[in-house]
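Colleague: Just one file: model_22.cif, with mmCIF, C-alpha atoms.
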data_my_file
loop_
_atom_site.label_atom_id
_atom_site.label_comp_id
_atom_site.auth_asym_id
_atom_site.auth_seq_id
_atom_site.Cartn_x
_atom_site.Cartn_y
_atom_site.Cartn_z
CA MET A 242 -11.96 27.11 -0.71
CA TRP A 243 -14.75 24.61 -0.16
CA PRO A 244 -14.38 22.42 -3.29
CA PRO A 245 -11.07 20.79 -2.20
CA ILE A 246 -12.52 20.11 1.25
CA VAL A 247 -15.60 18.48 -0.29
CA ILE A 248 -13.34 16.46 -2.61
CA ALA A 249 -11.28 15.23 0.35
CA VAL A 250 -14.41 14.26 2.31
CA VAL A 251 -15.87 12.38 -0.67
CA GLN A 252 -12.54 10.63 -1.22
CA LEU A 253 -12.47 9.53 2.42
CA ALA A 254 -16.06 8.25 2.24
CA VAL A 255 -15.42 6.25 -0.95
CA LEU A 256 -12.19 4.75 0.40
CA LEU A 257 -13.89 3.73 3.65
CA PHE A 258 -16.70 2.15 1.64
CA LEU A 259 -14.23 0.18 -0.50
CA GLU A 260 -12.29 -0.90 2.57
CA ARG A 261 -15.47 -2.13 4.22
CA TYR A 262 -17.21 -3.76 1.27
CA GLY A 263 -14.46 -4.35 -1.31
CA ARG A 264 -13.79 -8.03 -1.93
CA THR A 265 -11.50 -8.24 -4.94
CA ASN A 266 -8.20 -6.83 -6.17
CA ILE A 267 -10.19 -4.68 -8.58
CA HIS A 268 -11.63 -2.87 -5.57
CA ASN A 269 -8.11 -2.58 -4.14
CA ALA A 270 -6.80 -1.10 -7.39
CA VAL A 271 -9.64 1.42 -7.45
CA ALA A 272 -8.91 2.35 -3.83
CA LEU A 273 -5.17 2.63 -4.42
CA GLY A 274 -5.00 4.63 -7.62
CA VAL A 275 -8.31 5.51 -9.25
CA VAL A 276 -10.11 7.29 -6.42
CA PRO A 277 -7.09 9.28 -5.13
CA GLY A 278 -6.05 10.04 -8.71
CA ILE A 279 -9.44 11.51 -9.56
CA ALA A 280 -9.51 13.44 -6.28
CA ALA A 281 -6.03 14.86 -6.91
CA LEU A 282 -6.90 15.89 -10.48
CA LEU A 283 -10.13 17.56 -9.34
CA THR A 284 -8.25 19.43 -6.61
CA LEU A 285 -5.61 20.56 -9.09
CA ALA A 286 -8.31 21.60 -11.59
CA TRP A 287 -9.98 23.69 -8.89
CA TRP A 288 -6.67 25.33 -8.06
CA LEU A 289 -5.95 26.24 -11.68
CA LEU A 290 -9.44 27.15 -12.89
CA ALA A 291 -11.66 28.13 -9.98
CA SER A 292 -9.56 29.24 -7.02
CA ARG A 293 -9.19 32.91 -6.17
CA ALA A 294 -5.41 32.69 -6.08
CA PRO A 295 -3.50 35.10 -8.35
CA ARG A 296 -2.49 33.70 -11.72
CA ARG A 297 1.19 33.72 -10.78
CA ALA A 298 0.47 31.78 -7.58
CA ARG A 299 -1.52 29.19 -9.53
CA LEU A 300 1.35 28.57 -11.93
CA ILE A 301 3.87 28.37 -9.08
CA GLY A 302 1.59 25.92 -7.29
CA LEU A 303 1.31 23.79 -10.43
CA SER A 304 5.09 23.76 -10.80
CA LEU A 305 5.50 22.74 -7.16
CA VAL A 306 3.02 19.89 -7.55
CA ILE A 307 4.79 18.63 -10.69
CA ALA A 308 8.13 18.76 -8.86
CA ALA A 309 6.69 16.88 -5.87
CA VAL A 310 5.19 14.18 -8.11
CA ALA A 311 8.46 13.76 -10.01
CA ALA A 312 10.43 13.56 -6.75
CA VAL A 313 8.21 10.77 -5.41
CA VAL A 314 8.21 8.78 -8.65
CA PHE A 315 11.95 9.00 -9.31
CA SER A 316 12.91 8.41 -5.69
CA GLN A 317 12.50 4.66 -6.21
CA ARG A 318 14.67 2.13 -8.02
CA SER A 319 12.22 1.99 -10.93
CA VAL A 320 9.50 4.19 -12.36
CA GLU A 321 6.98 1.39 -11.79
CA MET A 322 7.74 1.27 -8.07
CA GLY A 323 7.71 5.06 -7.95
CA GLY A 324 4.29 5.09 -9.59
CA MET A 325 2.97 2.70 -6.96
CA LEU A 326 4.33 4.93 -4.20
CA LEU A 327 2.76 7.98 -5.86
CA ALA A 328 -0.60 6.22 -6.00
CA LEU A 329 -0.31 5.60 -2.26
CA ALA A 330 0.75 9.21 -1.61
CA LEU A 331 -1.94 11.02 -3.62
CA ARG A 332 -4.69 10.58 -1.04
CA TYR A 333 -2.52 12.21 1.61
CA PHE A 334 -1.69 15.13 -0.66
CA VAL A 335 -5.43 15.71 -1.08
CA TYR A 336 -6.15 15.38 2.64
CA SER A 337 -3.27 17.68 3.60
CA ALA A 338 -4.26 20.42 1.16
CA ALA A 339 -7.87 20.33 2.38
CA ILE A 340 -6.84 20.47 6.05
CA VAL A 341 -4.50 23.42 5.45
CA LEU A 342 -7.19 25.36 3.58
CA LEU A 343 -9.73 24.65 6.31
CA VAL A 344 -7.48 25.48 9.26
CA SER A 345 -6.00 28.61 7.66
CA PHE A 346 -9.35 29.98 6.48
CA PRO A 347 -9.27 33.14 8.65
CA ALA A 348 -5.65 33.90 7.75
CA ARG A 349 -4.45 36.19 5.00
CA TRP A 350 -3.61 34.79 1.56
CA LYS A 351 0.13 35.37 2.03
CA PHE A 352 0.19 32.96 4.98
CA ARG A 353 -2.11 30.42 3.32
CA LYS A 354 -0.04 30.14 0.15
CA TRP A 355 3.10 29.45 2.17
CA ALA A 356 1.22 26.89 4.26
CA LEU A 357 0.06 25.10 1.10
CA ALA A 358 3.58 25.13 -0.32
CA MET A 359 5.00 23.75 2.93
CA VAL A 360 2.50 20.90 3.13
CA ILE A 361 3.29 19.85 -0.46
CA VAL A 362 7.01 19.84 0.29
CA ILE A 363 6.55 17.97 3.57
CA CYS A 364 4.40 15.29 1.91
CA ALA A 365 6.95 14.87 -0.88
CA VAL A 366 9.87 14.57 1.55
CA PHE A 367 7.91 12.13 3.73
CA PHE A 368 7.21 9.74 0.86
CA CYS A 369 10.66 10.15 -0.68
CA ALA A 370 12.00 8.85 2.64
CA MET A 371 10.14 5.60 1.98
CA ARG A 372 11.28 2.62 -0.07
CA VAL A 373 8.93 0.32 -1.96
CA ASP A 374 10.16 -3.19 -1.16
CA SER A 375 7.52 -5.14 -3.05
CA ILE A 376 3.88 -5.26 -4.07
CA GLY A 377 1.56 -7.08 -1.69
CA GLY A 378 -1.10 -9.59 -2.61
CA ASP A 379 -3.69 -6.82 -2.24
CA LEU A 380 -1.83 -4.78 -4.91
CA PHE A 381 -0.77 -2.16 -2.37
CA PRO A 382 2.95 -1.34 -2.19
CA VAL A 383 4.85 -2.76 0.78
CA VAL A 384 6.93 0.16 2.03
CA SER A 385 9.61 0.72 4.65
CA TRP A 386 11.91 3.54 5.66
CA ARG A 387 15.01 3.91 3.52
CA TRP A 388 17.37 3.64 6.48
CA LYS A 389 16.01 0.25 7.53
CA PRO A 390 17.27 -3.00 5.97
CA SER A 391 15.13 -4.27 3.11
CA ALA A 392 13.55 -7.72 3.09
CA ALA A 393 16.28 -8.92 0.71
CA GLN A 394 18.99 -7.59 3.02
CA ARG A 395 17.40 -9.26 6.04
CA SER A 396 17.16 -12.50 4.09
CA ALA A 397 20.83 -12.35 3.09
CA ALA A 398 21.75 -11.88 6.74
CA LEU A 399 20.08 -15.15 7.76
CA ALA A 400 22.31 -18.01 8.72
CA GLY A 401 22.65 -20.78 6.17
CA VAL A 402 20.12 -23.57 6.38
CA ASP A 403 21.47 -26.53 8.29
CA PRO A 404 21.47 -29.77 6.29
CA GLN A 405 18.58 -31.93 7.40
CA GLY A 406 19.07 -34.88 5.08
CA ARG A 407 17.37 -35.56 1.81
CA ALA A 408 13.58 -35.49 1.68
CA GLU A 409 12.15 -38.63 0.11
CA ALA A 410 8.60 -37.67 -0.74
CA PRO A 411 6.03 -40.46 -1.20
CA GLU A 412 5.16 -41.27 -4.79
CA GLU A 413 1.45 -40.74 -4.14
CA ALA A 414 -0.24 -38.14 -2.01
CA ALA A 415 -2.11 -39.34 1.04
CA PRO A 416 -5.36 -37.85 2.35
CA GLY A 417 -4.55 -34.54 3.97
CA ASP A 418 -1.47 -33.90 1.82
CA TRP A 419 -1.17 -30.73 -0.23
CA PRO A 420 0.76 -32.00 -3.26
CA ASP A 421 0.28 -29.18 -5.75
CA PHE A 422 -0.46 -25.50 -6.15
CA LEU A 423 -3.89 -24.97 -4.54
CA GLY A 424 -3.80 -28.57 -3.35
CA HIS A 425 -4.91 -31.84 -4.91
CA GLY A 426 -6.71 -31.15 -8.18
CA ARG A 427 -5.91 -27.44 -7.73
CA HIS A 428 -9.37 -26.70 -6.34
CA ASN A 429 -8.07 -25.24 -3.05
CA ARG A 430 -9.87 -27.80 -0.87
CA VAL A 431 -8.75 -30.60 1.45
CA SER A 432 -10.63 -33.90 1.29
CA GLY A 433 -10.65 -36.76 3.76
CA VAL A 434 -9.54 -34.66 6.73
CA ARG A 435 -11.63 -33.26 9.54
CA PHE A 436 -10.66 -30.15 11.44
CA SER A 437 -11.85 -29.18 14.87
CA THR A 438 -14.33 -26.32 14.90
CA ASN A 439 -13.68 -25.56 18.56
CA TRP A 440 -11.35 -22.57 18.45
CA ASP A 441 -11.47 -22.00 22.20
CA ALA A 442 -8.27 -24.04 22.13
CA PRO A 443 -6.49 -22.84 18.97
CA PRO A 444 -4.08 -25.09 17.04
CA ARG A 445 -0.64 -25.39 18.60
CA GLU A 446 2.31 -24.07 16.64
CA ILE A 447 4.66 -27.00 16.04
CA TRP A 448 7.69 -25.26 14.57
CA ARG A 449 8.82 -22.04 12.96
CA ARG A 450 11.80 -21.12 10.81
CA ASN A 451 12.74 -17.77 9.29
CA ILE A 452 13.43 -18.37 5.59
CA GLY A 453 13.31 -14.82 4.26
CA PRO A 454 10.98 -13.39 1.62
CA GLY A 455 9.24 -15.64 -0.86
CA TRP A 456 6.34 -15.60 -3.29
CA SER A 457 5.80 -19.29 -4.06
CA ALA A 458 3.14 -21.60 -2.66
CA PHE A 459 3.85 -24.40 -0.21
CA ILE A 460 3.50 -28.09 -0.99
CA GLY A 461 3.01 -30.46 1.91
CA VAL A 462 3.58 -34.20 1.44
CA GLY A 463 3.94 -36.54 4.37
CA ASP A 464 6.16 -34.93 6.97
CA TYR A 465 7.81 -32.50 4.53
CA LEU A 466 7.10 -29.00 3.30
CA PHE A 467 8.48 -27.78 -0.04
CA THR A 468 8.55 -24.28 -1.49
#
Please render this file's structure as structure tokens.
Modeller:
Amino acid sequence: MWPPIVIAVVQLAVLLFLERYGRTNIHNAVALGVVPGIAALLTLAWWLLASRAPRRARLIGLSLVIAAVAAVVFSQRSVEMGGMLLALALRYFVYSAAIVLLVSFPARWKFRKWALAMVIVICAVFFCAMRVDSIGGDLFPVVSWRWKPSAAQRSAALAGVDPQGRAEAPEEAAPGDWPDFLGHGRHNRVSGVRFSTNWDAPPREIWRRNIGPGWSAFIGVGDYLFT
């Protein structure tokens, strides 16, 4: 019983370490898929090879896990999105199995096997109720409940943009403009402009407009923003 609990604790420790000290998308990818994937495989290996469950129960458990994985993956509009959701779900499968084994330790095996089966089904149903809308900049899937409008649906519901006239951008960028991806020279720095370092009075928001989802960078020239 103890190996899956130890695996879950180690998984939690590694994920907390990566969350605290990870700085790149490589760390995010490791936290999303690699660590939970290894933990899930080790837990499954323990179940099949080292647990005290009867052989028939082990095979039934393996079949249930395969069915749960397939349900999560194929619940999305593409296998790629389903795989991202599965990567997000694996850690919770590992945690749930460890918690059930720990809490049900004094109980008889008949109760514990049904508890394990129930937690696998509940986890699968929970994640199948989610929809992967997109992949965030940190490589983690952006999810929402299936019954809520997606970002694309919310964008389509926006009122049409009112005509504001034609933007005549200057031919040359002035100091403080952001005329290209990552700014002038594409070095992600602004030259010739000084910003206040006194954040006791934060910058005032000048305007805001809901334009729906987007993945492009902004270009700022003069009084205009382009995307």
Colleague: So which one's closest to Met371 (chain A), A:Gly263, A:Pro347, A:Gly323, A:Pro416? Using only C-alpha atoms, please.
Modeller: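 Of all the options, A:Gly323 lies closest to Met371 (chain A).
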Colleague: Give me the result of the PyMOL selection byres ((chain A and resi 382) around 9) on this file, residue by residue, as a list in words.
Modeller: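 Applied to this file, the PyMOL selection byres ((chain A and resi 382) around 9) selects Met322, Met325, Leu326, Leu329, Val373, Asp374, Ser375, Ile376, Gly377, Asp379, Leu380, Phe381, Val383 and Val384 of chain A.
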Colleague: Store the residues of this selection in a file with C-alpha atoms, as a compact mmCIF listing (two decimals), in the coordinates of the input.
Modeller:
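Printed below is part.txt as written:
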# COMPACT_ATOMS: atom_id res chain seq x y z
CA MET A 322 7.74 1.27 -8.07
CA MET A 325 2.97 2.70 -6.96
CA LEU A 326 4.33 4.93 -4.20
CA LEU A 329 -0.31 5.60 -2.26
CA VAL A 373 8.93 0.32 -1.96
CA ASP A 374 10.16 -3.19 -1.16
CA SER A 375 7.52 -5.14 -3.05
CA ILE A 376 3.88 -5.26 -4.07
CA GLY A 377 1.56 -7.08 -1.69
CA ASP A 379 -3.69 -6.82 -2.24
CA LEU A 380 -1.83 -4.78 -4.91
CA PHE A 381 -0.77 -2.16 -2.37
CA VAL A 383 4.85 -2.76 0.78
CA VAL A 384 6.93 0.16 2.03
Colleague: Please evaluate the PyMOL selection byres ((chain A and resi 252) around 9) against the displayed coordinates and give the resulting residues as a list of chain:residue names.
Modeller: A:Val247, A:Ile248, A:Ala249, A:Val250, A:Val251, A:Leu253, A:Ala254, A:Val255, A:Leu256, A:Leu257, A:Val276, A:Pro277, A:Ile279, A:Ala280, A:Arg332, A:Val335, A:Tyr336
Colleague: So that I can check the surroundings of Arg435 (chain A), please list as number ranges by chain every protein, DNA and RNA residue that reaches within 12 Å of it, counting only C-alpha atoms and ignoring chain neighbours fewer than 3 positions away.
Modeller: A: 416-417, 430-432, 438
Colleague: Would you translate the PyMOL selection byres ((chain A and resi 385-392) around 6) into the concrete set of residues it matches in this file, as a PyMOL selection string?
Modeller: chain A and resi 370-372+384+393-395
Colleague: So, with all atoms listed in the file as the atoms that count, which of A:Ala312, A:Ala358, A:Val271, A:Leu423 lies closest to Phe459 (chain A)?
Modeller: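 Going through A:Ala312, A:Ala358, A:Val271, A:Leu423 one by one, the smallest distance to Phe459 (chain A) is for A:Leu423.
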Colleague: In terms of the shortest atom-to-atom distance over all atoms listed in the file, which of A:Trp419, A:Trp288, A:Tyr465, A:Phe368 is closest to Leu342 (chain A)?
Modeller: A:Trp288
Colleague: Given only C-alpha atoms as the basis, pick out the residue of A:Ile340, A:Leu466, A:Cys369, A:Leu357 nearest to Phe315 (chain A).
Modeller: A:Cys369
Colleague: Excluding Ala415 (chain A) and its own-chain neighbours fewer than 6 positions away, which residues fall within 12 Å of it when counting all atoms listed in the file? Please give them as a count of residues only.
Modeller: 10
Colleague: What is the CA of Ile307 (chain A)-CA of Leu290 (chain A) distance in Å, reported with one decimal?
Modeller: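 If I compute the distance from CA of Ile307 (chain A) to CA of Leu290 (chain A), I get 16.7 Å.
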